[in-house]
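> See model13.cif below, with mmCIF, C-alpha atoms and all ligand atoms.
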data_input
loop_
_atom_site.label_atom_id
_atom_site.label_comp_id
_atom_site.auth_asym_id
_atom_site.auth_seq_id
_atom_site.Cartn_x
_atom_site.Cartn_y
_atom_site.Cartn_z
CA MET O 1 85.03 84.26 108.67
CA GLY O 2 81.43 83.76 107.65
CA THR O 3 80.36 85.31 110.95
CA PRO O 4 78.12 88.36 110.57
CA ALA O 5 80.12 91.54 111.04
CA THR O 6 77.46 93.44 112.92
CA ALA O 7 75.15 92.57 115.77
CA ASP O 8 72.17 94.05 113.96
CA THR O 9 71.74 91.62 111.08
CA SER O 10 67.96 91.89 111.26
CA SER O 11 68.07 95.39 109.74
CA PRO O 12 66.85 95.34 106.15
CA THR O 13 68.45 98.74 105.46
CA PRO O 14 70.89 98.47 102.56
CA PRO O 15 74.22 100.28 103.03
CA ALA O 16 73.21 102.87 100.41
CA ASP O 17 70.44 103.97 102.79
CA SER O 18 72.51 103.75 106.00
CA ASP O 19 72.84 106.59 108.50
CA LEU O 20 76.38 107.17 107.22
CA VAL O 21 75.30 107.75 103.64
CA ARG O 22 72.25 109.77 104.70
CA ALA O 23 74.25 112.03 107.04
CA ALA O 24 76.85 112.51 104.33
CA LEU O 25 74.20 113.66 101.86
CA GLY O 26 72.35 115.83 104.40
CA ARG O 27 69.34 113.52 104.71
CA PRO O 28 67.57 112.67 108.01
CA VAL O 29 69.22 109.97 110.14
CA ASP O 30 68.02 107.61 112.89
CA ARG O 31 71.10 108.53 114.92
CA THR O 32 74.43 110.20 114.23
CA PRO O 33 76.71 107.70 112.49
CA VAL O 34 80.15 107.19 113.99
CA TRP O 35 83.39 105.64 112.77
CA PHE O 36 87.06 106.36 113.46
CA MET O 37 89.91 107.18 111.16
CA ARG O 38 92.52 104.43 111.71
CA GLN O 39 89.95 102.21 113.43
CA ALA O 40 91.44 99.24 111.55
CA GLY O 41 94.81 98.33 112.99
CA ARG O 42 96.69 100.43 115.52
CA SER O 43 95.04 99.85 118.89
CA LEU O 44 93.48 96.40 118.46
CA PRO O 45 95.31 93.36 119.91
CA GLU O 46 93.48 91.09 117.44
CA TYR O 47 94.98 93.20 114.62
CA ARG O 48 98.51 92.89 115.99
CA ALA O 49 98.08 89.12 116.32
CA LEU O 50 96.84 88.76 112.74
CA ARG O 51 99.46 91.07 111.21
CA ALA O 52 102.41 89.47 113.04
CA GLY O 53 105.03 88.37 110.53
CA THR O 54 103.47 90.11 107.51
CA ALA O 55 104.77 93.46 106.23
CA MET O 56 102.13 96.21 106.16
CA LEU O 57 102.08 96.66 102.38
CA GLN O 58 102.04 92.88 101.88
CA ALA O 59 99.03 92.59 104.19
CA CYS O 60 97.20 95.27 102.17
CA GLN O 61 97.40 93.06 99.05
CA ASP O 62 96.11 89.89 100.74
CA PRO O 63 92.29 89.75 100.41
CA ASP O 64 91.93 87.38 103.39
CA LEU O 65 93.87 89.70 105.72
CA VAL O 66 92.24 92.85 104.32
CA THR O 67 88.77 91.40 104.86
CA GLU O 68 89.43 90.22 108.39
CA ILE O 69 91.28 93.37 109.57
CA THR O 70 88.59 95.61 108.08
CA LEU O 71 85.86 93.67 109.91
CA GLN O 72 87.59 93.60 113.32
CA PRO O 73 86.62 97.11 114.50
CA VAL O 74 83.07 96.71 113.17
CA ARG O 75 82.58 93.58 115.24
CA ARG O 76 84.26 94.96 118.32
CA HIS O 77 82.94 98.54 118.44
CA GLY O 78 79.66 98.47 116.50
CA VAL O 79 80.76 101.43 114.39
CA ASP O 80 78.44 102.58 111.59
CA ALA O 81 80.97 102.07 108.81
CA ALA O 82 83.96 99.95 107.92
CA ILE O 83 87.01 101.52 106.30
CA LEU O 84 89.04 99.39 103.96
CA PHE O 85 92.33 98.20 105.44
CA SER O 86 94.88 99.63 103.01
CA ASP O 87 97.25 102.58 102.85
CA ILE O 88 97.47 105.77 100.83
CA VAL O 89 100.78 104.68 99.25
CA LEU O 90 99.39 101.33 98.01
CA PRO O 91 98.49 102.51 94.47
CA LEU O 92 102.09 103.66 94.03
CA VAL O 93 103.45 100.37 95.34
CA VAL O 94 101.18 98.34 93.06
CA ALA O 95 102.30 100.46 90.10
CA GLY O 96 105.91 99.55 90.90
CA VAL O 97 107.32 102.33 93.11
CA ASP O 98 109.70 100.97 95.77
CA ILE O 99 108.11 102.00 99.10
CA GLU O 100 108.26 100.35 102.48
CA ILE O 101 106.18 101.22 105.56
CA LYS O 102 108.56 101.21 108.50
CA PRO O 103 106.75 100.40 111.76
CA GLY O 104 106.22 103.51 113.88
CA VAL O 105 107.75 105.72 111.16
CA GLY O 106 105.59 105.55 108.07
CA PRO O 107 106.16 105.25 104.32
CA VAL O 108 109.79 105.40 103.17
CA VAL O 109 110.50 105.81 99.43
CA ALA O 110 113.70 104.11 98.15
CA GLU O 111 114.28 106.63 95.34
CA PRO O 112 112.57 109.95 96.08
CA VAL O 113 111.24 112.08 93.23
CA ARG O 114 113.62 115.03 93.04
CA THR O 115 113.94 115.95 89.34
CA VAL O 116 111.69 116.53 86.34
CA ALA O 117 113.01 113.25 84.88
CA ASP O 118 111.97 111.44 88.08
CA VAL O 119 108.42 112.73 87.62
CA ASP O 120 108.25 111.52 84.04
CA ALA O 121 109.66 108.10 85.01
CA LEU O 122 106.93 107.40 87.59
CA PRO O 123 104.96 104.30 86.54
CA ASP O 124 101.22 104.53 85.91
CA LEU O 125 98.67 102.38 87.76
CA HIS O 126 96.54 100.09 85.59
CA PRO O 127 93.14 98.83 86.77
CA ASP O 128 94.14 95.26 85.90
CA GLN O 129 96.75 95.40 88.70
CA LEU O 130 93.95 95.71 91.26
CA GLY O 131 92.39 92.24 91.21
CA PHE O 132 93.20 91.72 94.90
CA LEU O 133 91.29 94.92 95.71
CA VAL O 134 88.19 93.89 93.79
CA THR O 135 88.22 90.52 95.56
CA ALA O 136 88.63 92.11 99.01
CA VAL O 137 85.94 94.77 98.51
CA ARG O 138 83.39 92.31 97.09
CA ARG O 139 83.98 89.91 99.94
CA LEU O 140 83.70 92.72 102.49
CA VAL O 141 80.47 94.07 101.05
CA ALA O 142 78.97 90.57 101.28
CA GLU O 143 80.15 90.12 104.90
CA LEU O 144 79.16 93.61 106.06
CA GLY O 145 75.49 93.36 105.09
CA PRO O 146 73.84 96.65 106.09
CA THR O 147 77.09 98.30 107.26
CA PRO O 148 78.60 100.56 104.58
CA LEU O 149 82.20 100.18 103.47
CA ILE O 150 84.22 103.36 103.01
CA GLY O 151 86.82 103.18 100.27
CA PHE O 152 89.70 105.64 100.28
CA ALA O 153 92.71 107.06 98.51
CA GLY O 154 95.45 109.54 99.26
CA ALA O 155 95.07 112.92 97.59
CA PRO O 156 97.69 113.98 95.02
CA PHE O 157 99.35 116.57 97.28
CA THR O 158 99.80 114.28 100.29
CA LEU O 159 101.18 111.50 98.07
CA ALA O 160 103.56 114.01 96.45
CA THR O 161 104.93 114.92 99.88
CA TYR O 162 105.95 111.29 100.52
CA LEU O 163 107.42 110.85 97.03
CA ILE O 164 109.45 114.07 97.16
CA GLU O 165 110.53 114.06 100.81
CA GLY O 166 111.27 110.32 100.64
CA GLY O 167 109.42 109.77 103.92
CA PRO O 168 107.44 111.52 106.63
CA SER O 169 108.28 115.22 107.11
CA LYS O 170 107.07 118.15 109.20
CA GLU O 171 107.76 121.20 107.05
CA HIS O 172 107.42 119.61 103.60
CA ALA O 173 110.08 122.10 102.47
CA ARG O 174 111.41 119.99 99.58
CA THR O 175 107.86 119.47 98.33
CA LYS O 176 107.10 123.18 98.36
CA ALA O 177 110.48 124.02 96.81
CA PHE O 178 109.72 121.64 93.92
CA MET O 179 106.20 123.05 93.58
CA TYR O 180 107.58 126.61 93.21
CA ALA O 181 110.70 125.81 91.16
CA GLU O 182 109.17 123.35 88.69
CA PRO O 183 105.56 124.40 88.20
CA GLU O 184 105.05 122.41 85.00
CA ALA O 185 106.57 119.19 86.35
CA TRP O 186 104.52 119.75 89.53
CA GLN O 187 101.33 119.84 87.47
CA ARG O 188 102.39 116.65 85.65
CA LEU O 189 103.20 114.92 88.94
CA LEU O 190 99.88 115.84 90.52
CA THR O 191 98.03 114.87 87.35
CA LYS O 192 99.66 111.41 87.43
CA LEU O 193 98.79 111.03 91.11
CA SER O 194 95.21 112.14 90.52
CA VAL O 195 94.77 109.58 87.75
CA SER O 196 96.02 106.73 89.96
CA ALA O 197 93.90 107.89 92.93
CA ALA O 198 90.84 108.01 90.66
CA VAL O 199 91.53 104.49 89.35
CA PHE O 200 91.99 103.24 92.92
CA LEU O 201 88.74 104.84 94.14
CA ARG O 202 86.71 103.89 91.10
CA THR O 203 87.76 100.26 91.52
CA GLN O 204 86.53 100.29 95.13
CA VAL O 205 83.23 101.95 94.22
CA ASP O 206 82.58 99.63 91.28
CA ALA O 207 83.24 96.65 93.59
CA GLY O 208 80.62 97.94 96.05
CA ALA O 209 82.05 100.59 98.43
CA SER O 210 79.23 102.85 99.70
CA ALA O 211 81.28 106.02 100.30
CA VAL O 212 84.81 107.25 99.70
CA GLN O 213 87.25 109.39 101.63
CA LEU O 214 90.06 111.33 99.97
CA PHE O 215 92.86 111.86 102.51
CA ASP O 216 94.79 115.07 101.92
CA SER O 217 96.32 114.78 105.37
CA TRP O 218 99.10 117.34 104.88
CA ALA O 219 97.28 119.97 102.73
CA GLY O 220 97.09 122.21 105.81
CA VAL O 221 100.74 123.20 105.33
CA LEU O 222 99.74 125.26 102.26
CA SER O 223 98.37 128.79 102.04
CA ALA O 224 94.85 129.04 100.65
CA THR O 225 96.26 130.72 97.53
CA ASP O 226 98.74 127.94 96.78
CA TYR O 227 96.20 125.25 97.66
CA ALA O 228 93.60 126.76 95.33
CA ALA O 229 95.95 127.20 92.37
CA ARG O 230 98.34 124.28 92.63
CA VAL O 231 96.49 121.47 94.42
CA LEU O 232 92.71 121.83 94.43
CA PRO O 233 92.20 121.22 90.67
CA HIS O 234 93.92 117.85 90.99
CA SER O 235 91.87 116.78 94.02
CA ARG O 236 88.76 117.91 92.15
CA ALA O 237 89.76 115.72 89.20
CA VAL O 238 89.86 112.72 91.56
CA LEU O 239 86.49 113.45 93.13
CA ASP O 240 84.82 114.39 89.83
CA GLY O 241 86.21 111.17 88.34
CA LEU O 242 83.68 109.29 90.46
CA GLY O 243 80.79 110.63 88.40
CA ASP O 244 78.43 113.57 88.28
CA ARG O 245 75.71 113.24 90.89
CA ALA O 246 73.65 116.00 89.25
CA ALA O 247 73.55 113.83 86.13
CA GLY O 248 72.30 110.95 88.29
CA GLU O 249 75.41 108.91 87.63
CA ARG O 250 75.88 107.64 91.14
CA ASP O 251 75.14 108.37 94.74
CA VAL O 252 78.35 107.51 96.53
CA PRO O 253 79.19 110.31 98.97
CA ARG O 254 82.67 111.80 98.96
CA ILE O 255 84.44 112.77 102.18
CA HIS O 256 87.44 115.09 101.84
CA PHE O 257 89.80 115.43 104.81
CA GLY O 258 93.02 117.12 105.85
CA VAL O 259 94.72 118.14 109.11
CA GLY O 260 95.22 121.81 110.04
CA THR O 261 92.90 122.95 107.25
CA GLY O 262 90.95 125.59 109.20
CA GLU O 263 91.78 128.25 106.60
CA LEU O 264 91.11 125.85 103.72
CA LEU O 265 87.74 124.38 104.77
CA PRO O 266 85.61 126.09 102.09
CA LEU O 267 88.14 125.11 99.42
CA ILE O 268 88.28 121.51 100.65
CA GLY O 269 84.49 121.43 100.23
CA SER O 270 84.49 123.07 96.82
CA ALA O 271 86.89 120.45 95.44
CA GLY O 272 83.86 118.19 94.97
CA ALA O 273 83.09 116.93 98.47
CA ASP O 274 79.77 116.10 100.10
CA VAL O 275 81.42 115.93 103.51
CA VAL O 276 84.28 118.07 104.80
CA GLY O 277 86.48 116.37 107.39
CA VAL O 278 87.50 118.71 110.20
CA ASP O 279 90.35 118.24 112.67
CA TRP O 280 89.97 119.17 116.36
CA ARG O 281 91.22 122.75 115.98
CA VAL O 282 88.03 124.31 114.62
CA PRO O 283 84.72 123.68 116.48
CA LEU O 284 82.10 122.12 114.20
CA ASP O 285 79.64 125.01 114.51
CA GLU O 286 82.36 127.37 113.31
CA ALA O 287 83.37 124.88 110.59
CA ALA O 288 79.73 124.74 109.44
CA ARG O 289 79.76 128.54 109.15
CA ARG O 290 82.97 128.43 107.12
CA VAL O 291 81.88 125.75 104.61
CA GLY O 292 78.30 127.01 104.20
CA PRO O 293 75.04 125.08 103.91
CA GLY O 294 75.93 122.74 101.03
CA TYR O 295 78.16 120.35 102.98
CA SER O 296 77.98 117.83 105.80
CA LEU O 297 80.83 117.67 108.32
CA GLN O 298 82.89 114.81 109.72
CA GLY O 299 84.82 114.96 112.98
CA ASN O 300 86.20 116.19 115.24
CA LEU O 301 87.03 114.78 118.68
CA ASP O 302 90.71 115.27 119.52
CA PRO O 303 92.23 111.75 119.35
CA ALA O 304 94.17 112.55 122.55
CA VAL O 305 90.88 112.91 124.44
CA LEU O 306 90.46 109.13 124.11
CA LEU O 307 93.46 108.89 126.46
CA ALA O 308 91.78 111.09 129.11
CA ASP O 309 89.50 110.15 132.04
CA ARG O 310 85.87 109.15 131.33
CA ASP O 311 84.33 112.43 132.57
CA THR O 312 86.52 114.51 130.27
CA LEU O 313 85.89 112.11 127.39
CA ASP O 314 82.11 112.22 127.87
CA ALA O 315 82.05 116.02 128.12
CA GLU O 316 84.07 116.35 124.91
CA VAL O 317 81.86 113.85 123.05
CA ARG O 318 78.78 115.80 124.13
CA ARG O 319 80.33 119.06 122.97
CA VAL O 320 81.20 117.63 119.53
CA VAL O 321 77.69 116.16 119.15
CA GLU O 322 76.09 119.50 120.09
CA GLN O 323 78.31 121.59 117.82
CA GLY O 324 77.76 119.07 115.02
CA ARG O 325 74.06 119.90 115.04
CA ALA O 326 74.96 123.16 113.26
CA ALA O 327 76.01 121.19 110.16
CA ARG O 328 73.77 119.99 107.32
CA GLY O 329 74.68 116.47 108.41
CA HIS O 330 77.21 115.14 110.92
CA VAL O 331 79.39 112.03 110.76
CA PHE O 332 81.00 111.65 114.17
CA ASN O 333 84.73 110.85 113.98
CA LEU O 334 88.03 111.93 115.44
CA GLY O 335 89.89 114.99 114.20
CA HIS O 336 92.67 112.63 113.00
CA GLY O 337 93.52 108.94 113.36
CA VAL O 338 93.26 106.78 116.48
CA LEU O 339 96.52 107.05 118.44
CA PRO O 340 98.42 103.77 118.91
CA ASP O 341 98.08 103.71 122.74
CA THR O 342 94.31 104.12 122.75
CA ASP O 343 92.30 101.73 124.93
CA PRO O 344 89.84 99.96 122.59
CA GLY O 345 87.27 100.14 125.41
CA ALA O 346 87.24 103.94 125.16
CA ILE O 347 86.41 103.68 121.45
CA THR O 348 83.50 101.31 122.07
CA HIS O 349 82.28 103.65 124.81
CA VAL O 350 82.27 106.65 122.44
CA VAL O 351 80.22 104.72 119.87
CA GLU O 352 77.63 103.88 122.51
CA LEU O 353 77.52 107.42 123.88
CA VAL O 354 77.10 109.07 120.46
CA HIS O 355 74.28 106.67 119.64
CA GLU O 356 72.60 107.29 123.00
CA LEU O 357 72.86 111.07 122.67
CA THR O 358 71.49 111.19 119.13
CA SER O 359 68.86 108.42 118.86
CA ARG O 360 65.57 109.80 117.59
CA ALA O 361 63.40 107.24 119.39
C1 LIG J 1 99.21 109.87 105.94
C2 LIG J 1 98.55 108.53 105.79
C3 LIG J 1 99.21 107.28 105.66
N1 LIG J 1 98.24 106.30 105.56
C4 LIG J 1 97.01 106.88 105.65
C5 LIG J 1 97.18 108.27 105.76
C6 LIG J 1 96.07 109.26 105.80
C7 LIG J 1 95.43 109.29 107.13
C8 LIG J 1 96.19 110.05 108.15
O1 LIG J 1 96.44 111.25 107.95
O2 LIG J 1 96.48 109.45 109.20
C9 LIG J 1 95.70 106.23 105.55
C10 LIG J 1 95.50 104.91 106.17
N2 LIG J 1 96.45 104.03 106.62
C11 LIG J 1 95.83 102.91 107.10
C12 LIG J 1 94.44 103.06 106.90
C13 LIG J 1 93.47 101.92 107.18
C14 LIG J 1 92.14 102.15 107.50
C15 LIG J 1 91.91 102.83 108.83
O3 LIG J 1 91.96 102.14 109.85
O4 LIG J 1 91.66 104.05 108.83
C16 LIG J 1 94.22 104.33 106.35
C17 LIG J 1 92.92 105.00 105.99
C18 LIG J 1 96.46 101.73 107.68
C19 LIG J 1 97.81 101.86 108.27
N3 LIG J 1 98.88 102.60 107.81
C20 LIG J 1 99.97 102.39 108.62
C21 LIG J 1 99.60 101.47 109.63
C22 LIG J 1 100.52 100.95 110.71
C23 LIG J 1 101.28 99.81 110.13
C24 LIG J 1 101.66 98.81 111.16
O5 LIG J 1 100.76 98.29 111.85
O6 LIG J 1 102.86 98.54 111.21
C25 LIG J 1 98.26 101.13 109.41
C26 LIG J 1 97.41 100.15 110.20
C27 LIG J 1 101.32 102.96 108.46
C28 LIG J 1 101.39 104.37 108.00
N4 LIG J 1 100.89 104.85 106.82
C29 LIG J 1 101.09 106.20 106.75
C30 LIG J 1 101.77 106.62 107.91
C31 LIG J 1 102.17 108.02 108.24
C32 LIG J 1 101.98 105.46 108.68
C33 LIG J 1 102.82 105.33 109.95
C34 LIG J 1 102.15 105.74 111.17
C35 LIG J 1 101.58 104.53 111.87
O7 LIG J 1 102.38 103.67 112.28
O8 LIG J 1 100.37 104.46 112.01
C36 LIG J 1 100.66 107.04 105.61
#
Re-express the file's structure as structure tokens.
Ligand SMILES: Cc1c2[nH]c(c1CCC(=O)O)Cc1[nH]c(c(CCC(=O)O)c1C)Cc1[nH]c(c(CCC(=O)O)c1C)Cc1[nH]c(c(C)c1CCC(=O)O)C2

Amino acid sequence: MGTPATADTSSPTPPADSDLVRAALGRPVDRTPVWFMRQAGRSLPEYRALRAGTAMLQACQDPDLVTEITLQPVRRHGVDAAILFSDIVLPLVVAGVDIEIKPGVGPVVAEPVRTVADVDALPDLHPDQLGFLVTAVRRLVAELGPTPLIGFAGAPFTLATYLIEGGPSKEHARTKAFMYAEPEAWQRLLTKLSVSAAVFLRTQVDAGASAVQLFDSWAGVLSATDYAARVLPHSRAVLDGLGDRAAGERDVPRIHFGVGTGELLPLIGSAGADVVGVDWRVPLDEAARRVGPGYSLQGNLDPAVLLADRDTLDAEVRRVVEQGRAARGHVFNLGHGVLPDTDPGAITHVVELVHELTSRA
């Protein structure tokens, strides 16, 4: 370590005035900023080498590993933002919930939350348990120089799906059944999860993160009515917990993302986002129409297109860039995370192409 993370260390631009932050707030940019969900880990051989022998959730609590893994894709691809190497279940783990991330499967919860008593027994997260996070974020901000660091947390609904199902699930039937059968305990569960997500995000912002993303990856399984009544208020509590921009409290943009949320896009925005993350199903010009003028958009190249031939890849990147011009601001990204088999060279190529297509000069 000690090596500069980015090639462009001559730039005096502080991360708070980077293209990422400006695009997120709808301000003019030099070129469209680009980063990738799941850019840290997954496809990089240098990540696999570094992680060998350390369990995922152990690695997330080691400031040396977190710093190095977070910097790897910035060095290799020249992306316009780093995203903290962590996981959405980490706040639960730190609070004392027994969760393991099984390779290729995902988070597995030893004792799923199935009863009202289970909800009330869930431990709370205390800020003083997050010393490792403060150390990692401060170190990263120093190493990254002009490149902004995106902090993140899992949204209450998506975390509830893991706790209740006990692991990854397609239908989230147990989660919905609990939501309908136990409405009061559901509200208490989501309130607890929103408090811990807010603590987790606030810690990252106070330590120097320049933007945050709230991942509500599985919110798209809900109807708009259920989302609005039973989930949105809790996600809003998380995002509002970062301060009131109108009151001049802070200027850290908030990105809010879920998969399959075409019908929910305006609600995802109204939960307190500056940027609405869009998966590949809805073209960005249509997404811009759905969310209205008050929001920037992030997305939305299909991650599978990175596995295609170069001509197809280039045509799709051009399409996303063009459709993104309809939004107040555009942060180029995938519609979901980088797939494990992706060639890192394709990622670097997309960064270069987006920059070339959108440079003002
Ligand atoms: C749903 C969700 C999880 N974690 C996350 C989400 C929301 C984003 C999304 O919808 O994809 C978020 C996440 N997880 C990870 C990051 C790091 C930063 C980044 O590169 O984006 C982020 C932002 C690291 C990780 N999280 C995980 C890994 C793989 C662990 C390993 O290398 O063994 C990494 C690098 C494990 C994980 N963690 C989770 C799953 C489903 C899995 C298994 C799938 C997989 O293997 O990738 C839960």
> Could you list, as number ranges by chain, all protein and nucleic acid residues with an atom at most 8 Å from ligand LIG 1 (chain J), counting all atoms listed in the file?
O: 36-42, 48, 51, 55-56, 70, 83-89, 101-107, 152-154, 158, 168, 215-218, 258-259, 336-337, 339-340
> Using atom CA of Asp240 of chain O and atom CA of Ile255 of chain O as the two end points, give the distance in Å to one decimal.
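It comes out at 12.5 Å.
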> What is the distance between atom CA of Arg289 of chain O and atom CA of Val212 of chain O, in Å to one decimal?
23.8 Å
> Neighbourhood query: residues within 7 Å of (69.1, 112.1, 113.9), file coordinates, counting all atoms listed in the file; return as a PyMOL selection string.
chain O and resi 28-32+358-360
> Kindly export the residues of the current selection with C-alpha atoms, as an mmCIF file, keeping the file's coordinate frame.

data_model
loop_
_atom_site.group_PDB
_atom_site.id
_atom_site.type_symbol
_atom_site.label_atom_id
_atom_site.label_comp_id
_atom_site.auth_asym_id
_atom_site.auth_seq_id
_atom_site.Cartn_x
_atom_site.Cartn_y
_atom_site.Cartn_z
ATOM 1 C CA PRO O 28 67.570 112.670 108.010
ATOM 2 C CA VAL O 29 69.220 109.970 110.140
ATOM 3 C CA ASP O 30 68.020 107.610 112.890
ATOM 4 C CA ARG O 31 71.100 108.530 114.920
ATOM 5 C CA THR O 32 74.430 110.200 114.230
ATOM 6 C CA THR O 358 71.490 111.190 119.130
ATOM 7 C CA SER O 359 68.860 108.420 118.860
ATOM 8 C CA ARG O 360 65.570 109.800 117.590
#
> Residues around (82.3, 121.0, 104.6), cut-off 7 Å, counting only C-alpha atoms - what are they as a ChimeraX atom specification?
/O:265-266,269,275-277,288,291,295-297
> Axis-aligned box over every listed atom of segment 52-61 of chain O, padded by 6 Å per side: centre and edges in Å to one decimal, as AutoDock Vina command-line options?

--center_x 101.1 --center_y 92.5 --center_z 106.0 --size_x 19.8 --size_y 20.3 --size_z 26.0
> Near Asp98 of chain O, counting all atoms listed in the file, which residues have an atom at most 10 Å away, once you skip same-chain residues fewer than 6 positions from it, shown as JSON, numbers by chain?
{"O": [92, 108, 109, 110, 111, 112]}
> In Å, how far is it from atom CA of Leu214 of chain O to atom CA of Phe200 of chain O?
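A separation of 10.9 Å between them.
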> Fewer than 4 positions away in the same chain doesn't count, so skip those; otherwise give me all residues within 10 Å of Glu46 of chain O, counting all atoms listed in the file, as a ChimeraX atom specification.
/O:41,50-51,68-69,72-73
> Skip Ala121 of chain O itself and residues of its chain fewer than 2 positions away, then list as a ChimeraX atom specification all residues within 12 Å of it, counting only C-alpha atoms.
/O:95-97,111-119,123-124,185,188-189,192
> Within 6 Å of Ala209 of chain O, counting all atoms listed in the file, which residues qualify if same-chain residues fewer than 6 places away don't, as a PyMOL selection string?
chain O and resi 149-151
> Hey, which of O:Gly294, O:Pro156, O:Pro253, O:Gly167 ends up closest to Gln187 of chain O? Count only C-alpha atoms.
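Ranked by minimum distance to Gln187 of chain O, first place goes to O:Pro156.
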